[in-house]
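Listing of final_24.cif; format and content: mmCIF, C-alpha atoms; chains and numbers go by the auth columns.
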data_coords
#
loop_
_atom_site.group_PDB
_atom_site.id
_atom_site.type_symbol
_atom_site.label_atom_id
_atom_site.label_comp_id
_atom_site.label_asym_id
_atom_site.label_seq_id
_atom_site.Cartn_x
_atom_site.Cartn_y
_atom_site.Cartn_z
_atom_site.B_iso_or_equiv
_atom_site.auth_seq_id
_atom_site.auth_asym_id
ATOM 1 C CA MET A 1 -2.522 5.226 -11.140 0.00 10 A
ATOM 2 C CA SER A 2 -4.187 3.417 -14.028 0.00 11 A
ATOM 3 C CA GLN A 3 -6.038 5.589 -16.498 0.00 12 A
ATOM 4 C CA LEU A 4 -9.214 3.482 -16.372 0.00 13 A
ATOM 5 C CA PRO A 5 -10.844 2.481 -13.078 0.00 14 A
ATOM 6 C CA ILE A 6 -10.999 -1.233 -12.251 0.00 15 A
ATOM 7 C CA VAL A 7 -14.285 -0.605 -10.404 0.00 16 A
ATOM 8 C CA GLU A 8 -16.705 2.183 -11.320 0.00 17 A
ATOM 9 C CA ILE A 9 -20.052 2.868 -9.657 0.00 18 A
ATOM 10 C CA GLU A 10 -22.477 5.456 -10.992 0.00 19 A
ATOM 11 C CA ASN A 11 -25.550 6.559 -9.028 0.00 20 A
ATOM 12 C CA LEU A 12 -25.975 3.237 -7.227 0.00 21 A
ATOM 13 C CA THR A 13 -29.222 2.935 -5.279 0.00 22 A
ATOM 14 C CA LYS A 14 -30.662 0.062 -3.266 0.00 23 A
ATOM 15 C CA ILE A 15 -34.109 0.164 -1.682 0.00 24 A
ATOM 16 C CA PHE A 16 -35.144 -2.920 0.259 0.00 25 A
ATOM 17 C CA LYS A 17 -38.742 -4.068 0.306 0.00 26 A
ATOM 18 C CA ASP A 18 -40.765 -2.572 3.186 0.00 27 A
ATOM 19 C CA SER A 19 -38.070 0.035 3.866 0.00 28 A
ATOM 20 C CA ASP A 20 -38.874 3.736 3.989 0.00 29 A
ATOM 21 C CA ASN A 21 -35.334 4.886 3.132 0.00 30 A
ATOM 22 C CA PRO A 22 -32.744 3.692 0.601 0.00 31 A
ATOM 23 C CA ALA A 23 -29.938 1.584 2.089 0.00 32 A
ATOM 24 C CA VAL A 24 -27.703 3.049 -0.635 0.00 33 A
ATOM 25 C CA ASN A 25 -28.707 6.383 -2.115 0.00 34 A
ATOM 26 C CA GLY A 26 -27.089 7.586 -5.347 0.00 35 A
ATOM 27 C CA VAL A 27 -23.550 6.415 -4.568 0.00 36 A
ATOM 28 C CA SER A 28 -20.807 7.045 -7.139 0.00 37 A
ATOM 29 C CA PHE A 29 -17.067 6.386 -6.932 0.00 38 A
ATOM 30 C CA LYS A 30 -14.119 4.987 -8.875 0.00 39 A
ATOM 31 C CA ILE A 31 -11.450 2.554 -7.701 0.00 40 A
ATOM 32 C CA TYR A 32 -8.186 2.115 -9.573 0.00 41 A
ATOM 33 C CA LYS A 33 -5.925 -0.901 -9.945 0.00 42 A
ATOM 34 C CA ASP A 34 -3.576 -1.395 -6.980 0.00 43 A
ATOM 35 C CA ASP A 35 -5.734 0.800 -4.706 0.00 44 A
ATOM 36 C CA VAL A 36 -6.569 -0.186 -1.161 0.00 45 A
ATOM 37 C CA PHE A 37 -9.997 1.425 -1.053 0.00 46 A
ATOM 38 C CA GLY A 38 -11.674 1.832 2.333 0.00 47 A
ATOM 39 C CA LEU A 39 -15.455 2.232 2.513 0.00 48 A
ATOM 40 C CA LEU A 40 -16.048 3.492 6.050 0.00 49 A
ATOM 41 C CA GLY A 41 -19.170 4.479 7.942 0.00 50 A
ATOM 42 C CA PRO A 42 -21.259 3.898 11.081 0.00 51 A
ATOM 43 C CA ASN A 43 -23.487 0.859 11.567 0.00 52 A
ATOM 44 C CA GLY A 44 -26.262 0.824 8.974 0.00 53 A
ATOM 45 C CA ALA A 45 -24.551 3.398 6.762 0.00 54 A
ATOM 46 C CA GLY A 46 -24.670 1.236 3.607 0.00 55 A
ATOM 47 C CA LYS A 47 -21.179 -0.304 3.587 0.00 56 A
ATOM 48 C CA THR A 48 -22.114 -3.989 3.543 0.00 57 A
ATOM 49 C CA THR A 49 -25.011 -3.368 1.159 0.00 58 A
ATOM 50 C CA THR A 50 -22.676 -1.670 -1.324 0.00 59 A
ATOM 51 C CA ILE A 51 -20.070 -4.437 -1.064 0.00 60 A
ATOM 52 C CA SER A 52 -22.747 -7.126 -1.425 0.00 61 A
ATOM 53 C CA ILE A 53 -24.099 -5.535 -4.617 0.00 62 A
ATOM 54 C CA LEU A 54 -20.585 -5.265 -6.082 0.00 63 A
ATOM 55 C CA CYS A 55 -20.039 -8.971 -5.370 0.00 64 A
ATOM 56 C CA GLY A 56 -23.295 -9.898 -7.098 0.00 65 A
ATOM 57 C CA LEU A 57 -24.978 -11.164 -3.941 0.00 66 A
ATOM 58 C CA TYR A 58 -28.119 -9.204 -4.690 0.00 67 A
ATOM 59 C CA PRO A 59 -29.196 -6.700 -7.335 0.00 68 A
ATOM 60 C CA ALA A 60 -29.151 -2.929 -7.201 0.00 69 A
ATOM 61 C CA THR A 61 -32.429 -1.045 -7.515 0.00 70 A
ATOM 62 C CA SER A 62 -30.764 1.285 -10.003 0.00 71 A
ATOM 63 C CA GLY A 63 -27.361 2.522 -11.091 0.00 72 A
ATOM 64 C CA LYS A 64 -24.445 1.333 -13.194 0.00 73 A
ATOM 65 C CA ILE A 65 -21.550 -0.869 -12.048 0.00 74 A
ATOM 66 C CA THR A 66 -18.499 -1.770 -14.138 0.00 75 A
ATOM 67 C CA ILE A 67 -15.817 -4.149 -12.850 0.00 76 A
ATOM 68 C CA ASP A 68 -12.590 -4.671 -14.830 0.00 77 A
ATOM 69 C CA GLY A 69 -14.306 -3.180 -17.867 0.00 78 A
ATOM 70 C CA MET A 70 -17.319 -5.522 -17.604 0.00 79 A
ATOM 71 C CA PRO A 71 -20.888 -4.443 -16.781 0.00 80 A
ATOM 72 C CA LEU A 72 -21.913 -6.267 -13.597 0.00 81 A
ATOM 73 C CA ASN A 73 -25.431 -7.115 -14.764 0.00 82 A
ATOM 74 C CA ASP A 74 -24.264 -8.702 -18.026 0.00 83 A
ATOM 75 C CA LYS A 75 -21.001 -10.364 -16.983 0.00 84 A
ATOM 76 C CA ILE A 76 -21.591 -11.510 -13.417 0.00 85 A
ATOM 77 C CA ASN A 77 -20.229 -15.039 -14.007 0.00 86 A
ATOM 78 C CA SER A 78 -17.013 -13.719 -15.552 0.00 87 A
ATOM 79 C CA ILE A 79 -16.644 -11.156 -12.760 0.00 88 A
ATOM 80 C CA LYS A 80 -17.031 -13.816 -10.062 0.00 89 A
ATOM 81 C CA GLN A 81 -13.943 -15.558 -11.463 0.00 90 A
ATOM 82 C CA ILE A 82 -11.697 -12.528 -10.860 0.00 91 A
ATOM 83 C CA ILE A 83 -12.910 -11.467 -7.420 0.00 92 A
ATOM 84 C CA GLY A 84 -12.445 -12.796 -3.906 0.00 93 A
ATOM 85 C CA VAL A 85 -14.864 -12.101 -1.069 0.00 94 A
ATOM 86 C CA VAL A 86 -14.145 -12.176 2.669 0.00 95 A
ATOM 87 C CA PRO A 87 -17.562 -11.809 4.328 0.00 96 A
ATOM 88 C CA GLN A 88 -18.196 -10.253 7.715 0.00 97 A
ATOM 89 C CA ASP A 89 -19.500 -13.570 9.040 0.00 98 A
ATOM 90 C CA ILE A 90 -17.196 -16.586 9.094 0.00 99 A
ATOM 91 C CA ALA A 91 -18.033 -18.677 6.008 0.00 100 A
ATOM 92 C CA LEU A 92 -16.412 -21.983 6.998 0.00 101 A
ATOM 93 C CA TYR A 93 -17.688 -25.470 7.805 0.00 102 A
ATOM 94 C CA PRO A 94 -17.037 -25.931 11.545 0.00 103 A
ATOM 95 C CA THR A 95 -16.857 -29.747 11.494 0.00 104 A
ATOM 96 C CA LEU A 96 -14.288 -29.814 8.673 0.00 105 A
ATOM 97 C CA THR A 97 -10.591 -29.153 9.183 0.00 106 A
ATOM 98 C CA ALA A 98 -8.916 -26.000 7.930 0.00 107 A
ATOM 99 C CA ARG A 99 -7.344 -27.952 5.066 0.00 108 A
ATOM 100 C CA GLU A 100 -10.649 -29.595 4.115 0.00 109 A
ATOM 101 C CA ASN A 101 -12.380 -26.209 4.044 0.00 110 A
ATOM 102 C CA LEU A 102 -9.661 -24.774 1.813 0.00 111 A
ATOM 103 C CA GLU A 103 -9.734 -27.779 -0.517 0.00 112 A
ATOM 104 C CA PHE A 104 -13.487 -27.283 -0.885 0.00 113 A
ATOM 105 C CA TYR A 105 -13.251 -23.544 -1.628 0.00 114 A
ATOM 106 C CA GLY A 106 -10.271 -24.002 -3.936 0.00 115 A
ATOM 107 C CA ALA A 107 -12.194 -26.594 -5.959 0.00 116 A
ATOM 108 C CA MET A 108 -15.097 -24.138 -6.282 0.00 117 A
ATOM 109 C CA TYR A 109 -12.680 -21.791 -8.063 0.00 118 A
ATOM 110 C CA GLY A 110 -11.491 -24.585 -10.365 0.00 119 A
ATOM 111 C CA LEU A 111 -8.211 -25.335 -8.598 0.00 120 A
ATOM 112 C CA SER A 112 -7.076 -28.945 -8.192 0.00 121 A
ATOM 113 C CA GLY A 113 -4.126 -31.264 -7.718 0.00 122 A
ATOM 114 C CA LYS A 114 -0.660 -29.908 -6.995 0.00 123 A
ATOM 115 C CA ASN A 115 -1.628 -26.285 -7.725 0.00 124 A
ATOM 116 C CA LEU A 116 -4.312 -26.348 -5.057 0.00 125 A
ATOM 117 C CA LYS A 117 -2.183 -28.233 -2.535 0.00 126 A
ATOM 118 C CA ASP A 118 0.748 -25.842 -3.009 0.00 127 A
ATOM 119 C CA ALA A 119 -1.486 -22.762 -2.704 0.00 128 A
ATOM 120 C CA ILE A 120 -3.052 -24.076 0.508 0.00 129 A
ATOM 121 C CA ASN A 121 0.306 -24.969 2.055 0.00 130 A
ATOM 122 C CA ASN A 122 1.786 -21.609 1.077 0.00 131 A
ATOM 123 C CA TRP A 123 -1.007 -19.591 2.672 0.00 132 A
ATOM 124 C CA LEU A 124 -1.282 -21.767 5.770 0.00 133 A
ATOM 125 C CA GLU A 125 2.406 -21.108 6.382 0.00 134 A
ATOM 126 C CA LYS A 126 2.160 -17.365 5.709 0.00 135 A
ATOM 127 C CA LEU A 127 -0.729 -16.994 8.128 0.00 136 A
ATOM 128 C CA GLY A 128 0.743 -19.178 10.857 0.00 137 A
ATOM 129 C CA LEU A 129 -1.723 -22.047 10.522 0.00 138 A
ATOM 130 C CA THR A 130 0.401 -24.984 9.330 0.00 139 A
ATOM 131 C CA LYS A 131 0.321 -26.796 12.674 0.00 140 A
ATOM 132 C CA ALA A 132 -3.455 -26.387 12.914 0.00 141 A
ATOM 133 C CA ALA A 133 -4.193 -27.396 9.305 0.00 142 A
ATOM 134 C CA ASN A 134 -5.735 -30.761 10.200 0.00 143 A
ATOM 135 C CA LYS A 135 -7.775 -29.550 13.175 0.00 144 A
ATOM 136 C CA LYS A 136 -11.508 -28.848 12.920 0.00 145 A
ATOM 137 C CA ILE A 137 -12.551 -25.226 12.527 0.00 146 A
ATOM 138 C CA GLU A 138 -14.862 -25.512 15.552 0.00 147 A
ATOM 139 C CA THR A 139 -11.751 -25.797 17.757 0.00 148 A
ATOM 140 C CA PHE A 140 -10.186 -22.590 16.385 0.00 149 A
ATOM 141 C CA SER A 141 -9.983 -19.179 18.055 0.00 150 A
ATOM 142 C CA GLY A 142 -11.683 -16.198 16.419 0.00 151 A
ATOM 143 C CA GLY A 143 -8.391 -14.976 14.985 0.00 152 A
ATOM 144 C CA MET A 144 -7.573 -18.370 13.474 0.00 153 A
ATOM 145 C CA LYS A 145 -11.026 -18.573 11.862 0.00 154 A
ATOM 146 C CA ARG A 146 -10.564 -15.090 10.373 0.00 155 A
ATOM 147 C CA ARG A 147 -7.226 -16.140 8.869 0.00 156 A
ATOM 148 C CA VAL A 148 -8.687 -19.297 7.292 0.00 157 A
ATOM 149 C CA ASN A 149 -11.636 -17.219 6.044 0.00 158 A
ATOM 150 C CA LEU A 150 -9.146 -14.937 4.289 0.00 159 A
ATOM 151 C CA ILE A 151 -7.197 -17.805 2.711 0.00 160 A
ATOM 152 C CA ALA A 152 -10.419 -19.272 1.282 0.00 161 A
ATOM 153 C CA SER A 153 -10.960 -16.068 -0.711 0.00 162 A
ATOM 154 C CA ILE A 154 -7.456 -15.678 -2.170 0.00 163 A
ATOM 155 C CA LEU A 155 -6.401 -19.178 -3.245 0.00 164 A
ATOM 156 C CA HIS A 156 -7.347 -18.362 -6.851 0.00 165 A
ATOM 157 C CA GLN A 157 -5.300 -15.121 -6.881 0.00 166 A
ATOM 158 C CA PRO A 158 -8.182 -12.691 -7.476 0.00 167 A
ATOM 159 C CA LYS A 159 -7.681 -9.384 -9.267 0.00 168 A
ATOM 160 C CA ILE A 160 -10.031 -7.691 -6.798 0.00 169 A
ATOM 161 C CA LEU A 161 -10.517 -8.638 -3.159 0.00 170 A
ATOM 162 C CA PHE A 162 -13.560 -7.505 -1.164 0.00 171 A
ATOM 163 C CA LEU A 163 -13.171 -7.538 2.616 0.00 172 A
ATOM 164 C CA ASP A 164 -16.074 -6.777 4.945 0.00 173 A
ATOM 165 C CA GLU A 165 -14.533 -6.124 8.375 0.00 174 A
ATOM 166 C CA PRO A 166 -11.792 -8.782 8.012 0.00 175 A
ATOM 167 C CA THR A 167 -10.240 -8.103 11.430 0.00 176 A
ATOM 168 C CA VAL A 168 -13.349 -7.724 13.583 0.00 177 A
ATOM 169 C CA GLY A 169 -13.135 -9.449 16.934 0.00 178 A
ATOM 170 C CA VAL A 170 -9.542 -10.674 16.633 0.00 179 A
ATOM 171 C CA ASP A 171 -6.474 -10.074 18.767 0.00 180 A
ATOM 172 C CA VAL A 172 -3.706 -7.644 17.850 0.00 181 A
ATOM 173 C CA GLN A 173 -1.402 -10.429 16.659 0.00 182 A
ATOM 174 C CA SER A 174 -3.943 -11.888 14.218 0.00 183 A
ATOM 175 C CA ARG A 175 -4.922 -8.440 13.010 0.00 184 A
ATOM 176 C CA THR A 176 -1.297 -7.547 12.329 0.00 185 A
ATOM 177 C CA VAL A 177 -0.658 -10.767 10.394 0.00 186 A
ATOM 178 C CA ILE A 178 -3.833 -10.312 8.325 0.00 187 A
ATOM 179 C CA ILE A 179 -3.069 -6.687 7.413 0.00 188 A
ATOM 180 C CA ASP A 180 0.584 -7.475 6.616 0.00 189 A
ATOM 181 C CA GLN A 181 -0.454 -10.237 4.207 0.00 190 A
ATOM 182 C CA LEU A 182 -3.089 -8.006 2.616 0.00 191 A
ATOM 183 C CA LYS A 183 -0.438 -5.324 2.046 0.00 192 A
ATOM 184 C CA GLU A 184 1.747 -7.938 0.365 0.00 193 A
ATOM 185 C CA LEU A 185 -1.152 -9.091 -1.838 0.00 194 A
ATOM 186 C CA ASN A 186 -1.761 -5.491 -2.824 0.00 195 A
ATOM 187 C CA LYS A 187 1.905 -5.016 -3.758 0.00 196 A
ATOM 188 C CA GLN A 188 1.582 -8.049 -6.031 0.00 197 A
ATOM 189 C CA GLY A 189 -1.291 -6.408 -7.924 0.00 198 A
ATOM 190 C CA THR A 190 -4.528 -7.248 -6.111 0.00 199 A
ATOM 191 C CA THR A 191 -6.902 -4.306 -5.744 0.00 200 A
ATOM 192 C CA ILE A 192 -8.479 -4.303 -2.284 0.00 201 A
ATOM 193 C CA ILE A 193 -11.886 -2.942 -1.280 0.00 202 A
ATOM 194 C CA TYR A 194 -12.337 -2.977 2.461 0.00 203 A
ATOM 195 C CA THR A 195 -14.738 -1.980 5.222 0.00 204 A
ATOM 196 C CA SER A 196 -13.806 -1.632 8.868 0.00 205 A
ATOM 197 C CA HIS A 197 -14.640 0.110 12.129 0.00 206 A
ATOM 198 C CA HIS A 198 -10.927 0.167 13.013 0.00 207 A
ATOM 199 C CA LEU A 199 -10.199 3.714 11.860 0.00 208 A
ATOM 200 C CA GLU A 200 -6.540 3.735 12.870 0.00 209 A
ATOM 201 C CA GLU A 201 -6.060 0.521 10.910 0.00 210 A
ATOM 202 C CA ALA A 202 -7.844 2.035 7.887 0.00 211 A
ATOM 203 C CA GLU A 203 -5.785 5.230 8.086 0.00 212 A
ATOM 204 C CA ASN A 204 -2.545 3.243 7.866 0.00 213 A
ATOM 205 C CA PHE A 205 -3.771 0.631 5.396 0.00 214 A
ATOM 206 C CA CYS A 206 -5.848 2.461 2.766 0.00 215 A
ATOM 207 C CA THR A 207 -4.624 4.530 -0.182 0.00 216 A
ATOM 208 C CA ASP A 208 -8.107 5.965 -0.758 0.00 217 A
ATOM 209 C CA ILE A 209 -11.130 6.270 1.519 0.00 218 A
ATOM 210 C CA ALA A 210 -14.809 7.097 1.105 0.00 219 A
ATOM 211 C CA ILE A 211 -16.950 7.802 4.159 0.00 220 A
ATOM 212 C CA ILE A 212 -20.592 6.802 3.776 0.00 221 A
ATOM 213 C CA ASP A 213 -23.539 7.634 6.032 0.00 222 A
ATOM 214 C CA TYR A 214 -27.277 7.175 5.561 0.00 223 A
ATOM 215 C CA GLY A 215 -26.495 5.603 2.188 0.00 224 A
ATOM 216 C CA LYS A 216 -24.615 8.623 0.778 0.00 225 A
ATOM 217 C CA ILE A 217 -20.923 9.289 0.242 0.00 226 A
ATOM 218 C CA LEU A 218 -19.906 12.256 2.416 0.00 227 A
ATOM 219 C CA ILE A 219 -16.278 12.608 1.354 0.00 228 A
ATOM 220 C CA GLN A 220 -13.566 10.745 -0.567 0.00 229 A
ATOM 221 C CA GLY A 221 -9.782 11.031 -0.787 0.00 230 A
ATOM 222 C CA SER A 222 -6.497 9.775 0.599 0.00 231 A
ATOM 223 C CA PRO A 223 -6.330 9.566 4.422 0.00 232 A
ATOM 224 C CA LYS A 224 -3.682 12.290 4.455 0.00 233 A
ATOM 225 C CA ASN A 225 -5.785 14.673 2.352 0.00 234 A
ATOM 226 C CA LEU A 226 -8.973 14.017 4.306 0.00 235 A
ATOM 227 C CA ILE A 227 -7.215 14.859 7.568 0.00 236 A
ATOM 228 C CA ALA A 228 -5.670 17.999 6.038 0.00 237 A
ATOM 229 C CA GLN A 229 -9.047 19.188 4.705 0.00 238 A
ATOM 230 C CA ASN A 230 -10.820 18.913 8.061 0.00 239 A
ATOM 231 C CA THR A 231 -10.159 21.689 10.568 0.00 240 A
ATOM 232 C CA ASN A 232 -8.765 20.456 13.883 0.00 241 A
ATOM 233 C CA ALA A 233 -8.607 16.841 12.675 0.00 242 A
ATOM 234 C CA LYS A 234 -5.498 15.046 13.928 0.00 243 A
ATOM 235 C CA ASN A 235 -6.397 11.661 12.500 0.00 244 A
ATOM 236 C CA LEU A 236 -9.013 9.796 10.481 0.00 245 A
ATOM 237 C CA GLU A 237 -11.192 9.186 13.536 0.00 246 A
ATOM 238 C CA ASP A 238 -11.532 12.967 14.003 0.00 247 A
ATOM 239 C CA VAL A 239 -12.576 13.325 10.353 0.00 248 A
ATOM 240 C CA PHE A 240 -15.058 10.476 10.740 0.00 249 A
ATOM 241 C CA LEU A 241 -16.706 11.967 13.841 0.00 250 A
ATOM 242 C CA ASN A 242 -16.777 15.479 12.336 0.00 251 A
ATOM 243 C CA LEU A 243 -18.743 14.145 9.380 0.00 252 A
ATOM 244 C CA THR A 244 -20.961 11.473 10.942 0.00 253 A
ATOM 245 C CA LYS A 245 -21.372 13.179 14.337 0.00 254 A
ATOM 246 C CA ARG A 246 -21.577 11.390 17.677 0.00 255 A
ATOM 247 C CA ASN A 247 -25.137 10.098 17.600 0.00 256 A
ATOM 248 C CA LEU A 248 -25.312 6.413 18.519 0.00 257 A
ATOM 249 C CA ARG A 249 -26.217 4.012 15.671 0.00 258 A
ATOM 250 C CA ASP A 250 -27.795 0.946 17.205 0.00 259 A
#
Whole structure given in structure tokens:
Amino acid sequence: MSQLPIVEIENLTKIFKDSDNPAVNGVSFKIYKDDVFGLLGPNGAGKTTTISILCGLYPATSGKITIDGMPLNDKINSIKQIIGVVPQDIALYPTLTARENLEFYGAMYGLSGKNLKDAINNWLEKLGLTKAANKKIETFSGGMKRRVNLIASILHQPKILFLDEPTVGVDVQSRTVIIDQLKELNKQGTTIIYTSHHLEEAENFCTDIAIIDYGKILIQGSPKNLIAQNTNAKNLEDVFLNLTKRNLRD
């Protein structure tokens, strides 16, 4: 583990206008290079809000964030060059082909010419999309859209990759391919920060996990240690339910 964290959050708080309670309430954690960090919690727990603040999509109310040694507030443009973001909602143009979408996103990151073409072809092949490359996104299945969505965020080889439920609503085959490629990216040095409701997936994928509820971190550690610390917990889902209880979160 690296001595210095690649992402450090201190006392992060976000209060939205007209809201009675903070969406994120004094959250602090550190993420180290090569981690696969899972931020898990029920609906409305503060996961997406936290990820969105880290990506610079909107400002925190208070707190300190440092990414790769740079303060987020002062160095947001530099930070955006070293991160990739896979949003929860599909961020693709439906009337463009997969290749056209990827050419557009690659150009946004400053890629062009042979480097961009090679990167697109490489990832289309790895994610089983070569034959569909020149078809419009609107004709794709949910799993295919998720895979193109992922490629759009990694063409520029980011140091840090943020994933907000990257496998939601996809079949087992697509989910397996996505997770396998993310594991390979991580082995090559990309730090991954990930949210999901698939707790079995998170247990097998993440090196470190924080469980958040009502905007606060309840517990943090490796999946193995979290399970060992919780009496009668056989897996991460047991830990999750012990901490967040069984009340429905609509």
Q | Residue neighbourhood Thr139 (chain A), 9 Å, only C-alpha atoms, exclusion window fewer than 6 positions, as a list of chain:residue names | A | A:Asn130, A:Trp132, A:Leu133
Q | Between CA of Phe46 (chain A) and CA of His207 (chain A) - distance in Å to one decimal | A |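 Taking CA of His207 (chain A) as the start and CA of Phe46 (chain A) as the end point, the length is 14.2 Å.
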Q) Mind telling me what the PyMOL selection byres ((chain A and resi 117) around 12) catches here, as an NGL selection string? A) :A and (89-90 or 93 or 110-116 or 118-121 or 125 or 161-162 or 164-165)
Q | Residue contacts of Thr204 (chain A) (7 Å, only C-alpha atoms) excluding same-chain residues fewer than 2 positions away, as a PyMOL selection string | A | chain A and resi 47-49+56+172-174
Generate a file of the selected residues that holds C-alpha atoms, formatted as a PDB file, in the frame of the given file.
ATOM      1  CA  GLY A  47     -11.674   1.832   2.333  1.00  0.00           C
ATOM      2  CA  LEU A  48     -15.455   2.232   2.513  1.00  0.00           C
ATOM      3  CA  LEU A  49     -16.048   3.492   6.050  1.00  0.00           C
ATOM      4  CA  LYS A  56     -21.179  -0.304   3.587  1.00  0.00           C
ATOM      5  CA  LEU A 172     -13.171  -7.538   2.616  1.00  0.00           C
ATOM      6  CA  ASP A 173     -16.074  -6.777   4.945  1.00  0.00           C
ATOM      7  CA  GLU A 174     -14.533  -6.124   8.375  1.00  0.00           C
TER       8      GLU A 174
END
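If you look at CA of Thr104 (chain A) and CA of Ala141 (chain A), they are 13.9 Å away from each other.
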Q) What is the CA of Ala32 (chain A) to CA of Thr59 (chain A) distance in Å? A)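 Going from CA of Ala32 (chain A) over to CA of Thr59 (chain A) covers 8.7 Å.
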**Q.** Local residues around (-17.8, -2.6, -15.6), at most 7 Å away, using all atoms listed in the file, as a list of chain:residue names
**A.**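 I get A:Val16, A:Glu17, A:Ile74, A:Thr75, A:Ile76, A:Asp77, A:Gly78, A:Met79, A:Pro80, A:Leu81 for the residues within 7 Å of that point.
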(Q) Residue by residue, what does the PyMOL selection byres ((chain A and resi 218) around 12) grab here? Present the result as number ranges by chain. (A) A: 38-40, 44-50, 201-205, 208, 211-217, 219-221, 226-236, 245, 248-249
Q | Pick from A:Leu252, A:Arg108, A:Lys140, A:Thr185, whichever lies nearest to Lys126 (chain A) using only C-alpha atoms | A | A:Arg108
Start from the incomplete input, build N, CA and C atoms for region 226-239 of chain A, and deliver everything as a compact mmCIF listing (two decimals), in the coordinates of the input.
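Saved as selection_34.txt:
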# COMPACT_ATOMS: atom_id res chain seq x y z
N ILE A 226 -22.35 9.02 0.05
CA ILE A 226 -20.92 9.29 0.24
C ILE A 226 -20.77 10.74 0.72
N LEU A 227 -20.11 10.92 1.86
CA LEU A 227 -19.91 12.26 2.42
C LEU A 227 -18.62 12.89 1.92
N ILE A 228 -17.58 12.08 1.75
CA ILE A 228 -16.28 12.61 1.35
C ILE A 228 -15.43 11.46 0.83
N GLN A 229 -14.48 11.77 -0.05
CA GLN A 229 -13.57 10.74 -0.57
C GLN A 229 -12.19 11.36 -0.80
N GLY A 230 -11.14 10.58 -0.55
CA GLY A 230 -9.78 11.03 -0.79
C GLY A 230 -8.78 10.17 -0.04
N SER A 231 -7.51 10.50 -0.15
CA SER A 231 -6.50 9.78 0.60
C SER A 231 -6.63 10.13 2.08
N PRO A 232 -6.24 9.23 3.00
CA PRO A 232 -6.33 9.57 4.42
C PRO A 232 -5.62 10.88 4.76
N LYS A 233 -4.46 11.07 4.19
CA LYS A 233 -3.68 12.29 4.46
C LYS A 233 -4.45 13.54 4.04
N ASN A 234 -5.05 13.50 2.85
CA ASN A 234 -5.78 14.67 2.35
C ASN A 234 -7.07 14.92 3.14
N LEU A 235 -7.74 13.85 3.53
CA LEU A 235 -8.97 14.02 4.31
C LEU A 235 -8.68 14.67 5.66
N ILE A 236 -7.60 14.27 6.28
CA ILE A 236 -7.22 14.86 7.57
C ILE A 236 -6.84 16.33 7.38
N ALA A 237 -6.10 16.62 6.30
CA ALA A 237 -5.67 18.00 6.04
C ALA A 237 -6.86 18.91 5.73
N GLN A 238 -7.89 18.38 5.11
CA GLN A 238 -9.05 19.19 4.70
C GLN A 238 -9.98 19.52 5.87
N ASN A 239 -9.89 18.74 6.95
CA ASN A 239 -10.82 18.91 8.06
C ASN A 239 -10.17 19.67 9.21
